[in-house]
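Undergrad: What follows is a structure written as structure tokens; I'll ask about it next.
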Amino acid sequence: MIDRVITSGTFSLDGGTWDVDNNVWLIGDAREVVVIDAAHDAAAIAERVGGRAVKAIVCTHAHNDHINAARSLAEQTGAPIRLHPADQVLWEQQYGDEVPYEPLTDGERIEVGGIALEILHTPGHAPGAVCVYGRELGVVFSGDTLFKGGPGATGRSYSSFDTIIESIRKRLLTLPAETVVHTGHGDSTSIGAEAPHLEEWITRGH
């Protein structure tokens, strides 16, 4: 039901560029999948998709390392690209006005393989950052909002530490403690493992 492809490339913003490894998540069954964060290598993602239909390419946010394979994957599969429109300014840095996407809305449900994925708008790392909650699977795909060990980075343009903390507090830490957190980079964690550290993050962040 859940598969991961790790792809490698670069993240660029505010004049800097960094090497990164990204988690690309595939959720679905033998017939259809949703791809979360088409990063770096459309061919590797398409290979893992195989002959299945791609219902949607969901972008947790529009930093280039999470979307730079979206156009190619969409062209190969015919799938719509989905993004929260609050990230338009970041999307334009990668694609200008050449590549369309369908807007995501908070609370929207995307059906795939007989299960529902709920979109949670969690701004902070980016204005249009979202997490994707699979209640029936007991998982949340957190993009760069929450990692093993703390919140996503907020030291660059269009980000806010106070906002990401509020998003995590209200939208993620209210999920069941056993919920597995599949992140945009690195290892997975759980809500129960991260929740006790909220005040520590706030102290550290300020």
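Labels used: A, B, ... for chains in the order of the structure tokens, numbers from 1 for residues in each chain, and numbers from 1 for ligands as shown.
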Taking only C-alpha atoms into account, produce a table as JSON lines in which each residue of region 24-122 of chain A with an atom at most 9 Å from an atom of region 160-177 of chain A appears once, together with its shortest atom pair and the distance in Å to one decimal, ordered by chain and rising number.

TA:
{"residue": "A:Leu120", "atom": "CA", "partner": "A:Arg171", "partner_atom": "CA", "distance": 7.0}
{"residue": "A:His121", "atom": "CA", "partner": "A:Ser167", "partner_atom": "CA", "distance": 8.0}
{"residue": "A:Thr122", "atom": "CA", "partner": "A:Ser167", "partner_atom": "CA", "distance": 4.9}

Undergrad: Considering only C-alpha atoms, return as a list in words whatever protein or nucleic-acid residues lie within 9 Å of Ala43 (chain A), sequence-local ones (same chain, fewer than 4 positions apart) excluded.

TA: Glu47, Arg48, Ala69, Ser72 and Leu73 of chain A

Undergrad: Atoms to include: N, CA, C and O atoms. Write the selected residues as a PDB file, in the first residue's frame.

TA:
ATOM      1  N   GLU A  47       9.324   4.085 -12.934  1.00  0.00           N
ATOM      2  CA  GLU A  47       9.662   2.672 -12.892  1.00  0.00           C
ATOM      3  C   GLU A  47       8.974   1.988 -11.717  1.00  0.00           C
ATOM      4  O   GLU A  47       8.452   0.877 -11.842  1.00  0.00           O
ATOM      5  N   ARG A  48       8.943   2.654 -10.561  1.00  0.00           N
ATOM      6  CA  ARG A  48       8.289   2.090  -9.380  1.00  0.00           C
ATOM      7  C   ARG A  48       6.763   2.069  -9.549  1.00  0.00           C
ATOM      8  O   ARG A  48       6.101   1.148  -9.071  1.00  0.00           O
ATOM      9  N   ALA A  69      10.681  17.044 -10.601  1.00  0.00           N
ATOM     10  CA  ALA A  69      10.356  15.959 -11.527  1.00  0.00           C
ATOM     11  C   ALA A  69       8.859  15.893 -11.828  1.00  0.00           C
ATOM     12  O   ALA A  69       8.410  14.999 -12.542  1.00  0.00           O
ATOM     13  N   SER A  72       7.802  16.299 -15.721  1.00  0.00           N
ATOM     14  CA  SER A  72       8.134  15.126 -16.522  1.00  0.00           C
ATOM     15  C   SER A  72       7.249  13.936 -16.154  1.00  0.00           C
ATOM     16  O   SER A  72       6.758  13.219 -17.038  1.00  0.00           O
ATOM     17  N   LEU A  73       7.022  13.731 -14.860  1.00  0.00           N
ATOM     18  CA  LEU A  73       6.186  12.602 -14.437  1.00  0.00           C
ATOM     19  C   LEU A  73       4.744  12.796 -14.905  1.00  0.00           C
ATOM     20  O   LEU A  73       4.096  11.839 -15.342  1.00  0.00           O
TER      21      LEU A  73
END

Undergrad: Taking the chain letters and numbering used in this document, name the residues of region 22-57 of chain A that DSSP puts in helix (DSSP H, G or I), as an MDAnalysis selection string.

TA: chainID A and resid 42:49

Undergrad: Got time to write the residues from that selection, N, CA and C atoms, as a PDB file, in the first residue's frame?

TA:
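Listed below is the output, out.pdb:
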ATOM      1  N   ALA A  42      12.225  11.559 -12.459  1.00  0.00           N
ATOM      2  CA  ALA A  42      10.923  11.060 -12.917  1.00  0.00           C
ATOM      3  C   ALA A  42      11.013   9.621 -13.388  1.00  0.00           C
ATOM      4  N   ALA A  43      12.126   9.238 -14.003  1.00  0.00           N
ATOM      5  CA  ALA A  43      12.259   7.874 -14.530  1.00  0.00           C
ATOM      6  C   ALA A  43      12.236   6.847 -13.414  1.00  0.00           C
ATOM      7  N   ALA A  44      12.936   7.130 -12.322  1.00  0.00           N
ATOM      8  CA  ALA A  44      12.954   6.198 -11.186  1.00  0.00           C
ATOM      9  C   ALA A  44      11.569   6.066 -10.559  1.00  0.00           C
ATOM     10  N   ILE A  45      10.845   7.190 -10.485  1.00  0.00           N
ATOM     11  CA  ILE A  45       9.502   7.158  -9.917  1.00  0.00           C
ATOM     12  C   ILE A  45       8.563   6.380 -10.841  1.00  0.00           C
ATOM     13  N   ALA A  46       8.647   6.658 -12.139  1.00  0.00           N
ATOM     14  CA  ALA A  46       7.794   5.965 -13.108  1.00  0.00           C
ATOM     15  C   ALA A  46       8.066   4.462 -13.117  1.00  0.00           C
ATOM     16  N   GLU A  47       9.324   4.085 -12.934  1.00  0.00           N
ATOM     17  CA  GLU A  47       9.662   2.672 -12.892  1.00  0.00           C
ATOM     18  C   GLU A  47       8.974   1.988 -11.717  1.00  0.00           C
ATOM     19  N   ARG A  48       8.943   2.654 -10.561  1.00  0.00           N
ATOM     20  CA  ARG A  48       8.289   2.090  -9.380  1.00  0.00           C
ATOM     21  C   ARG A  48       6.763   2.069  -9.549  1.00  0.00           C
ATOM     22  N   VAL A  49       6.225   3.046 -10.233  1.00  0.00           N
ATOM     23  CA  VAL A  49       4.785   3.052 -10.524  1.00  0.00           C
ATOM     24  C   VAL A  49       4.408   1.854 -11.384  1.00  0.00           C
TER      25      VAL A  49
END

Undergrad: Hey, what's within 9 Å of Glu194 (chain A) if we count only C-alpha atoms and toss same-chain stuff fewer than 3 positions away? As a VMD selection string, please?

TA: chain A and resid 146 to 150 173 189 to 191 197 to 198

Undergrad: Determine the nearest neighbour of Gly134 (chain A) from the options A:Gln94, A:Thr179, A:Ser159, A:Thr60, counting only C-alpha atoms.

TA: A:Thr179

Undergrad: May I ask for the distance between CA of Asp87 (chain A) and CA of Pro127 (chain A), given in Å to one decimal place?

TA: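 Spanning CA of Asp87 (chain A) to CA of Pro127 (chain A) is a straight-line distance of 5.7 Å.
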
Undergrad: Please list as a CSV table (one decimal) with C-alpha atoms, in the first residue's frame every residue within 10 Å of Phe11 (chain A), counting only C-alpha atoms and excluding residues in the same chain fewer than 2 positions away.

TA:
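What follows is the written file result26.csv:
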chain,number,residue,atom,x,y,z
A,8,SER,CA,19.0,12.6,-5.1
A,9,GLY,CA,19.6,16.1,-6.4
A,13,LEU,CA,16.7,28.9,-2.6
A,16,GLY,CA,22.3,28.9,-2.1
A,17,THR,CA,22.3,25.3,-3.4
A,18,TRP,CA,22.5,22.1,-1.3
A,19,ASP,CA,22.7,18.4,-2.1
A,20,VAL,CA,19.7,16.5,-0.8
A,21,ASP,CA,18.1,13.1,-0.8
A,22,ASN,CA,14.3,13.1,-1.0
A,40,HIS,CA,14.6,14.8,-9.0
A,63,HIS,CA,10.5,24.0,-3.0
A,64,ASN,CA,12.3,22.9,-6.1
A,65,ASP,CA,13.6,19.6,-4.7
A,66,HIS,CA,10.0,18.4,-4.1
A,68,ASN,CA,11.5,19.3,-10.1

Undergrad: Could you tell me which of A:Glu199, A:Pro85, A:Gly107, A:Gly113 comes closest to Ala129 (chain A) if we count only C-alpha atoms?

TA: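 For Ala129 (chain A), the nearest of the candidates is A:Pro85.
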
Undergrad: Could you pull out all residues of region 81-132 of chain A with a DSSP call of strand (DSSP E) and give them as a list in words?

TA: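 Answer for region 81-132 of chain A restricted to strand (DSSP E) is Ile81, Arg82, Leu83, Glu102, Pro103, Arg109, Ile110, Glu111, Val112, Ile115, Ala116, Leu117, Glu118, Ile119, Leu120, His121, Val130, Cys131 and Val132 of chain A.
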
Undergrad: I want to know what sits within 12 Å of Ile27 (chain A), based on only C-alpha atoms, with residues of the same chain fewer than 4 positions away left out; could you give that as a ChimeraX atom specification?

TA: /A:1-5,31-37,48-49,52-58,110-117,132-134,137,139-141,182

Undergrad: Take the residues that were just selected and, keeping N, CA and C atoms, output them as an mmCIF file, in the first residue's frame.

TA:
data_model
loop_
_atom_site.group_PDB
_atom_site.id
_atom_site.type_symbol
_atom_site.label_atom_id
_atom_site.label_comp_id
_atom_site.auth_asym_id
_atom_site.auth_seq_id
_atom_site.Cartn_x
_atom_site.Cartn_y
_atom_site.Cartn_z
ATOM 1 N N MET A 1 0.824 -1.211 0.000
ATOM 2 C CA MET A 1 0.000 0.000 0.000
ATOM 3 C C MET A 1 0.858 1.261 0.000
ATOM 4 N N ILE A 2 1.997 1.225 0.708
ATOM 5 C CA ILE A 2 2.893 2.387 0.777
ATOM 6 C C ILE A 2 4.273 1.968 0.296
ATOM 7 N N ASP A 3 4.833 2.742 -0.613
ATOM 8 C CA ASP A 3 6.162 2.456 -1.135
ATOM 9 C C ASP A 3 6.968 3.748 -1.139
ATOM 10 N N ARG A 4 8.277 3.612 -1.087
ATOM 11 C CA ARG A 4 9.153 4.787 -1.079
ATOM 12 C C ARG A 4 10.251 4.642 -2.120
ATOM 13 N N VAL A 5 10.489 5.729 -2.844
ATOM 14 C CA VAL A 5 11.645 5.841 -3.738
ATOM 15 C C VAL A 5 12.498 6.985 -3.203
ATOM 16 N N ARG A 31 -3.631 -1.321 -8.919
ATOM 17 C CA ARG A 31 -4.214 -0.662 -10.082
ATOM 18 C C ARG A 31 -3.850 0.816 -10.182
ATOM 19 N N GLU A 32 -3.749 1.503 -9.033
ATOM 20 C CA GLU A 32 -3.591 2.953 -9.064
ATOM 21 C C GLU A 32 -2.804 3.445 -7.854
ATOM 22 N N VAL A 33 -2.141 4.598 -8.034
ATOM 23 C CA VAL A 33 -1.343 5.174 -6.958
ATOM 24 C C VAL A 33 -1.469 6.695 -6.974
ATOM 25 N N VAL A 34 -1.187 7.277 -5.824
ATOM 26 C CA VAL A 34 -0.907 8.701 -5.705
ATOM 27 C C VAL A 34 0.579 8.826 -5.406
ATOM 28 N N VAL A 35 1.241 9.749 -6.087
ATOM 29 C CA VAL A 35 2.658 10.031 -5.826
ATOM 30 C C VAL A 35 2.743 11.304 -4.997
ATOM 31 N N ILE A 36 3.462 11.249 -3.893
ATOM 32 C CA ILE A 36 3.689 12.427 -3.067
ATOM 33 C C ILE A 36 5.121 12.902 -3.261
ATOM 34 N N ASP A 37 5.272 14.103 -3.786
ATOM 35 C CA ASP A 37 6.550 14.787 -3.993
ATOM 36 C C ASP A 37 7.416 14.130 -5.068
ATOM 37 N N ARG A 48 8.943 2.654 -10.561
ATOM 38 C CA ARG A 48 8.289 2.090 -9.380
ATOM 39 C C ARG A 48 6.763 2.069 -9.549
ATOM 40 N N VAL A 49 6.225 3.046 -10.233
ATOM 41 C CA VAL A 49 4.785 3.052 -10.524
ATOM 42 C C VAL A 49 4.408 1.854 -11.384
ATOM 43 N N ARG A 52 0.714 0.920 -13.262
ATOM 44 C CA ARG A 52 -0.440 1.453 -12.542
ATOM 45 C C ARG A 52 -0.796 2.870 -13.007
ATOM 46 N N ALA A 53 -2.054 3.222 -12.843
ATOM 47 C CA ALA A 53 -2.495 4.585 -13.137
ATOM 48 C C ALA A 53 -2.072 5.502 -11.989
ATOM 49 N N VAL A 54 -1.583 6.687 -12.330
ATOM 50 C CA VAL A 54 -1.258 7.695 -11.310
ATOM 51 C C VAL A 54 -2.434 8.658 -11.211
ATOM 52 N N LYS A 55 -3.130 8.625 -10.087
ATOM 53 C CA LYS A 55 -4.320 9.461 -9.915
ATOM 54 C C LYS A 55 -3.960 10.926 -9.709
ATOM 55 N N ALA A 56 -2.828 11.154 -9.034
ATOM 56 C CA ALA A 56 -2.410 12.530 -8.772
ATOM 57 C C ALA A 56 -0.958 12.548 -8.344
ATOM 58 N N ILE A 57 -0.298 13.662 -8.660
ATOM 59 C CA ILE A 57 1.046 13.955 -8.146
ATOM 60 C C ILE A 57 0.858 15.080 -7.131
ATOM 61 N N VAL A 58 0.909 14.729 -5.855
ATOM 62 C CA VAL A 58 0.636 15.689 -4.788
ATOM 63 C C VAL A 58 1.956 16.285 -4.313
ATOM 64 N N ILE A 110 -8.562 12.806 -1.207
ATOM 65 C CA ILE A 110 -8.200 12.176 -2.475
ATOM 66 C C ILE A 110 -8.315 10.669 -2.280
ATOM 67 N N GLU A 111 -9.126 10.033 -3.102
ATOM 68 C CA GLU A 111 -9.354 8.589 -2.987
ATOM 69 C C GLU A 111 -8.376 7.840 -3.892
ATOM 70 N N VAL A 112 -7.771 6.796 -3.331
ATOM 71 C CA VAL A 112 -6.876 5.952 -4.134
ATOM 72 C C VAL A 112 -6.852 4.558 -3.527
ATOM 73 N N GLY A 113 -7.010 3.557 -4.360
ATOM 74 C CA GLY A 113 -6.915 2.182 -3.890
ATOM 75 C C GLY A 113 -7.867 1.842 -2.757
ATOM 76 N N GLY A 114 -9.011 2.504 -2.727
ATOM 77 C CA GLY A 114 -10.002 2.196 -1.708
ATOM 78 C C GLY A 114 -9.808 2.900 -0.381
ATOM 79 N N ILE A 115 -8.831 3.794 -0.296
ATOM 80 C CA ILE A 115 -8.641 4.548 0.949
ATOM 81 C C ILE A 115 -8.643 6.049 0.628
ATOM 82 N N ALA A 116 -8.838 6.853 1.657
ATOM 83 C CA ALA A 116 -8.902 8.304 1.490
ATOM 84 C C ALA A 116 -7.655 8.944 2.086
ATOM 85 N N LEU A 117 -7.117 9.904 1.364
ATOM 86 C CA LEU A 117 -6.003 10.718 1.849
ATOM 87 C C LEU A 117 -6.524 12.131 2.071
ATOM 88 N N VAL A 132 -0.305 15.034 4.267
ATOM 89 C CA VAL A 132 -1.296 14.142 3.664
ATOM 90 C C VAL A 132 -1.563 13.017 4.669
ATOM 91 N N TYR A 133 -2.794 12.984 5.189
ATOM 92 C CA TYR A 133 -3.136 12.077 6.280
ATOM 93 C C TYR A 133 -3.948 10.903 5.761
ATOM 94 N N GLY A 134 -3.417 9.701 5.962
ATOM 95 C CA GLY A 134 -4.152 8.480 5.645
ATOM 96 C C GLY A 134 -4.667 7.862 6.929
ATOM 97 N N LEU A 137 -4.783 4.126 7.164
ATOM 98 C CA LEU A 137 -3.449 3.518 7.157
ATOM 99 C C LEU A 137 -2.660 3.832 8.426
ATOM 100 N N VAL A 139 -1.106 6.716 9.014
ATOM 101 C CA VAL A 139 0.113 7.410 8.614
ATOM 102 C C VAL A 139 -0.201 8.841 8.214
ATOM 103 N N VAL A 140 0.795 9.706 8.357
ATOM 104 C CA VAL A 140 0.733 11.051 7.801
ATOM 105 C C VAL A 140 2.036 11.307 7.052
ATOM 106 N N PHE A 141 1.909 11.841 5.855
ATOM 107 C CA PHE A 141 3.072 12.184 5.040
ATOM 108 C C PHE A 141 3.322 13.666 5.274
ATOM 109 N N HIS A 182 5.691 9.767 7.908
ATOM 110 C CA HIS A 182 6.608 9.537 6.790
ATOM 111 C C HIS A 182 7.034 10.906 6.250
#

Undergrad: Taking only C-alpha atoms into account, which of A:Arg82, A:Val180, A:Gly192, A:Asp41 comes nearest Glu108 (chain A)?

TA: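 Closest to Glu108 (chain A) of all the choices is A:Arg82.
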
Undergrad: Between CA of Ser142 (chain A) and CA of Ile202 (chain A), what is the spacing in Å?

TA: 18.8 Å
